[in-house]
Amino acid sequence: MLVCVFLKRWYSIFLYFISLAFISIYMLKGICGINYPANSRDTIELISWLFSGVVSIISFLSIFVGFVYDNKLINASSSLKQIYKPYGLEYENYRATLIDYQQYVSKGLTLNSIYWVIFITSNLSIVIWLISLEIVNDILPISFNFKNITNIFLLIMWLIFSFLLTFLVFYLNRIKNNKDPLGKGYLPKPNQLLDISFLLTQDVDMDEIIQKALPIIEIYSNPEPQNNYEMNLVFPLPISNYKYVIKIYDMNKQLILRCFGYYELQSSFGKKQHITVTNNMSESIYNLIDENASAEIKIYNSVDNSLLGRISLSFQVAASKKNSRIERSTSHLLARDIDHGLITTINNSFHSCQVENGL
């Protein structure tokens, strides 16, 4: 695994090739001057040809697979830009983009198998080719004169083929590790795109992401046999690891309900999540939440409890259901937040909500 990490560096192909060349020459010095049986030369030459054939087949296959996955990475990079700055995307489109991104960067067993086969075969071929040249043609020591022009040419060809194989390993390694073909660095893992803390380290429009990911308030009047009033939070997107405070006001802007909590991803990738805040809401509070009521959601960073966004909400009212909708996002954040002390008491083990009646 250290080799895979090392090959992510842009200079690694040169250092790796030079190291492999030195290892081959070091091994070659140990066999110089040895007298081999006559039939050993034919055996070594046959082995060299066999490895050459295997490398040729695997190289063509790996290049074909590499181009296929490279096209997927181009699509993944385009999707990533939409995820970071989701202008004009609705909930469903944003979720679909997340799922598409997950599929684009998934490699499965095929690429991993081809990578390790070509990696092992290439290293063995480079060493075996040089040993074969020494046994069959006695290329060392090199003398730069006309008589040794053939040996010099063979050594140069070995260096070229060895470098090409090293480059092929380097190319597949970058695809295997999801190198961003349209930007710098490597594409993030799908689960990282669901973490607010990670997104804050990227070039994202956090206000747009928050508007897509913030919970939807749903309030129900349940008939018999429940005969109660229920409030749920629906998290439409799996963006998680943040704290939130929700305040609901009546038509006179009086606080009537408040809930807060820490949201952590608990569902499968891309799936909505429902949390029941209470199924015992009083009838008086339920009746106060109508078209004239309003609400506010504050989103906080779960790491340093900093305020990330404030969204104003209104309510749509049906026969037995009331749900929130976004009115506007407040661009300026509060210099003094009265809910900050409340948020600091919530740790990462707090996965539910609490309700406080302001009446």
# chains A, B, ... in the order shown; residues from 1 in each chain; ligands from 1
$ closest_atom_pairs --of "range 275-322 of chain A" --to "range 239-243 of chain A" --cutoff "8 Å" --atoms "only C-alpha atoms" --output "JSON lines"
{"residue": "A:Ile299", "atom": "CA", "partner": "A:Lys243", "partner_atom": "CA", "distance": 5.9}
{"residue": "A:Tyr300", "atom": "CA", "partner": "A:Lys243", "partner_atom": "CA", "distance": 4.9}
{"residue": "A:Asn301", "atom": "CA", "partner": "A:Tyr242", "partner_atom": "CA", "distance": 5.3}
{"residue": "A:Ser302", "atom": "CA", "partner": "A:Tyr242", "partner_atom": "CA", "distance": 4.7}
{"residue": "A:Asn305", "atom": "CA", "partner": "A:Lys243", "partner_atom": "CA", "distance": 7.7}
$ residues_around --residues "Gln254 in chain A" --least-positions-apart "2" --cutoff "12 Å" --atoms "only C-alpha atoms" --output "PDB file with C-alpha atoms, in the first residue's frame"
ATOM      1  CA  LYS A 247     -37.427  27.724  16.125  1.00  0.00           C
ATOM      2  CA  ILE A 248     -41.107  28.025  15.200  1.00  0.00           C
ATOM      3  CA  TYR A 249     -42.994  31.295  15.731  1.00  0.00           C
ATOM      4  CA  ASP A 250     -46.685  32.092  15.618  1.00  0.00           C
ATOM      5  CA  MET A 251     -48.243  34.917  13.585  1.00  0.00           C
ATOM      6  CA  ASN A 252     -47.207  37.418  16.267  1.00  0.00           C
ATOM      7  CA  ILE A 256     -43.863  28.541  20.403  1.00  0.00           C
ATOM      8  CA  LEU A 257     -41.556  25.614  19.631  1.00  0.00           C
ATOM      9  CA  ARG A 258     -37.847  24.893  19.566  1.00  0.00           C
ATOM     10  CA  ILE A 285     -49.411  24.524  19.430  1.00  0.00           C
ATOM     11  CA  LEU A 288     -50.888  28.067  16.008  1.00  0.00           C
ATOM     12  CA  ILE A 289     -48.756  26.663  13.188  1.00  0.00           C
ATOM     13  CA  ASN A 292     -49.047  32.957   9.093  1.00  0.00           C
ATOM     14  CA  ALA A 293     -46.521  31.114  11.257  1.00  0.00           C
ATOM     15  CA  SER A 294     -42.807  31.157  10.489  1.00  0.00           C
ATOM     16  CA  ALA A 295     -39.677  29.277  11.427  1.00  0.00           C
ATOM     17  CA  ASN A 357     -42.585  24.895  24.404  1.00  0.00           C
ATOM     18  CA  GLY A 358     -42.373  28.654  24.410  1.00  0.00           C
ATOM     19  CA  LEU A 359     -45.906  29.036  25.695  1.00  0.00           C
TER      20      LEU A 359
END
$ atom_distance --atom1 "CA of Leu109 in chain A" --atom2 "CA of Ile175 in chain A"
13.5 Å
$ residues_around --residues "Val68 in chain A" --least-positions-apart "2" --cutoff "12 Å" --atoms "only C-alpha atoms" --output "VMD selection string"
chain A and resid 61 to 66 70 to 75 104 to 105 107 110 to 111 172 175 to 176
$ write_last_selection --atoms "C-alpha atoms" --output "short mmCIF file (atom, residue, chain, number, x, y, z; two decimals), in the first residue's frame"
data_model
loop_
_atom_site.label_atom_id
_atom_site.label_comp_id
_atom_site.auth_asym_id
_atom_site.auth_seq_id
_atom_site.Cartn_x
_atom_site.Cartn_y
_atom_site.Cartn_z
CA LEU A 61 -5.93 -4.53 -21.76
CA SER A 62 -4.89 -2.09 -19.03
CA ILE A 63 -4.75 0.85 -21.46
CA PHE A 64 -8.27 0.02 -22.70
CA VAL A 65 -9.62 -0.32 -19.15
CA GLY A 66 -7.71 2.80 -18.15
CA ASP A 70 -10.62 7.82 -17.21
CA ASN A 71 -13.87 8.79 -18.96
CA LYS A 72 -15.74 7.91 -15.78
CA LEU A 73 -13.41 10.15 -13.79
CA ILE A 74 -14.11 13.03 -16.18
CA ASN A 75 -17.83 12.58 -15.48
CA TYR A 104 -18.23 7.04 -11.31
CA VAL A 105 -15.48 6.70 -8.70
CA LYS A 107 -13.65 0.80 -9.49
CA THR A 110 -11.52 -5.33 -12.25
CA LEU A 111 -9.17 -2.36 -12.13
CA LEU A 172 -3.08 2.99 -13.72
CA ILE A 175 -6.77 6.12 -12.15
CA LYS A 176 -7.06 3.54 -9.38
#
$ select_by_dssp --residues "range 44-185 of chain A" --states "helix (DSSP H, G or I)" --output "MDAnalysis selection string"
chainID A and resid 44:84 91:105 108:137 146:176
$ closest_residue --among "A:Lys272, A:His340, A:Lys212, A:Lys81" --to "Pro188 in chain A" --atoms "only C-alpha atoms"
A:Lys81
$ atom_distance --atom1 "CA of Thr345 in chain A" --atom2 "CA of Arg310 in chain A"
19.7 Å
$ select_by_dssp --residues "range 76-294 of chain A" --states "strand (DSSP E)" --output "ChimeraX atom specification"
/A:216-221,229-235,242-249,255-263,273-278,294
$ residues_around --residues "Glu208 in chain A" --least-positions-apart "3" --cutoff "8 Å" --atoms "only C-alpha atoms" --output "number ranges by chain"
A: 85-87, 205, 211-212
$ write_last_selection --atoms "C-alpha atoms" --output "tab-separated table (two decimals), in the first residue's frame"
chain	number	residue	atom	x	y	z
A	85	LYS	CA	-21.86	24.55	-6.23
A	86	PRO	CA	-25.38	23.15	-6.81
A	87	TYR	CA	-26.92	26.19	-8.49
A	205	ASP	CA	-20.94	27.40	-1.82
A	211	GLN	CA	-30.40	25.07	1.59
A	212	LYS	CA	-30.43	21.69	-0.16
$ closest_residue --among "A:Ala96, A:Ile58, A:Leu80, A:Leu164" --to "Thr121 in chain A" --atoms "only C-alpha atoms"
A:Ile58
$ residues_around --residues "Glu92 in chain A" --least-positions-apart "6" --cutoff "12 Å" --atoms "only C-alpha atoms" --output "MDAnalysis selection string"
chainID A and resid 86 98:99 212:213 236:238 270:272
$ write_last_selection --atoms "N, CA and C atoms" --output "mmCIF file, in the first residue's frame"
data_model
loop_
_atom_site.group_PDB
_atom_site.id
_atom_site.type_symbol
_atom_site.label_atom_id
_atom_site.label_comp_id
_atom_site.auth_asym_id
_atom_site.auth_seq_id
_atom_site.Cartn_x
_atom_site.Cartn_y
_atom_site.Cartn_z
ATOM 1 N N PRO A 86 -24.161 23.728 -6.204
ATOM 2 C CA PRO A 86 -25.376 23.155 -6.811
ATOM 3 C C PRO A 86 -26.405 24.201 -7.228
ATOM 4 N N LEU A 98 -25.147 13.006 -6.473
ATOM 5 C CA LEU A 98 -24.333 12.307 -5.476
ATOM 6 C C LEU A 98 -24.212 10.820 -5.802
ATOM 7 N N ILE A 99 -25.333 10.209 -6.180
ATOM 8 C CA ILE A 99 -25.316 8.776 -6.506
ATOM 9 C C ILE A 99 -24.503 8.526 -7.767
ATOM 10 N N LYS A 212 -30.021 22.988 0.381
ATOM 11 C CA LYS A 212 -30.429 21.690 -0.159
ATOM 12 C C LYS A 212 -30.545 20.634 0.935
ATOM 13 N N ALA A 213 -29.698 20.737 1.961
ATOM 14 C CA ALA A 213 -29.584 19.648 2.933
ATOM 15 C C ALA A 213 -30.372 19.853 4.214
ATOM 16 N N PRO A 236 -33.669 15.478 3.600
ATOM 17 C CA PRO A 236 -33.798 15.015 2.212
ATOM 18 C C PRO A 236 -32.481 14.561 1.586
ATOM 19 N N LEU A 237 -31.359 15.079 2.097
ATOM 20 C CA LEU A 237 -30.047 14.716 1.569
ATOM 21 C C LEU A 237 -29.185 14.162 2.697
ATOM 22 N N PRO A 238 -28.260 13.276 2.360
ATOM 23 C CA PRO A 238 -27.451 12.652 3.403
ATOM 24 C C PRO A 238 -26.263 13.500 3.865
ATOM 25 N N GLY A 270 -27.455 8.365 -0.056
ATOM 26 C CA GLY A 270 -28.472 8.999 -0.884
ATOM 27 C C GLY A 270 -29.900 8.851 -0.397
ATOM 28 N N LYS A 271 -30.126 8.123 0.690
ATOM 29 C CA LYS A 271 -31.492 7.864 1.146
ATOM 30 C C LYS A 271 -31.955 8.938 2.128
ATOM 31 N N LYS A 272 -33.231 9.301 2.035
ATOM 32 C CA LYS A 272 -33.803 10.240 2.987
ATOM 33 C C LYS A 272 -33.839 9.622 4.379
#
$ closest_residue --among "A:Phe153, A:Tyr286, A:Tyr16, A:Trp49" --to "Phe119 in chain A" --atoms "only C-alpha atoms"
A:Tyr16
$ closest_residue --among "A:Thr344, A:Asn222, A:Ser59, A:Gln202" --to "Tyr171 in chain A" --atoms "only C-alpha atoms"
A:Ser59
$ atom_distance --atom1 "CA of Ile246 in chain A" --atom2 "CA of Ile83 in chain A"
25.1 Å
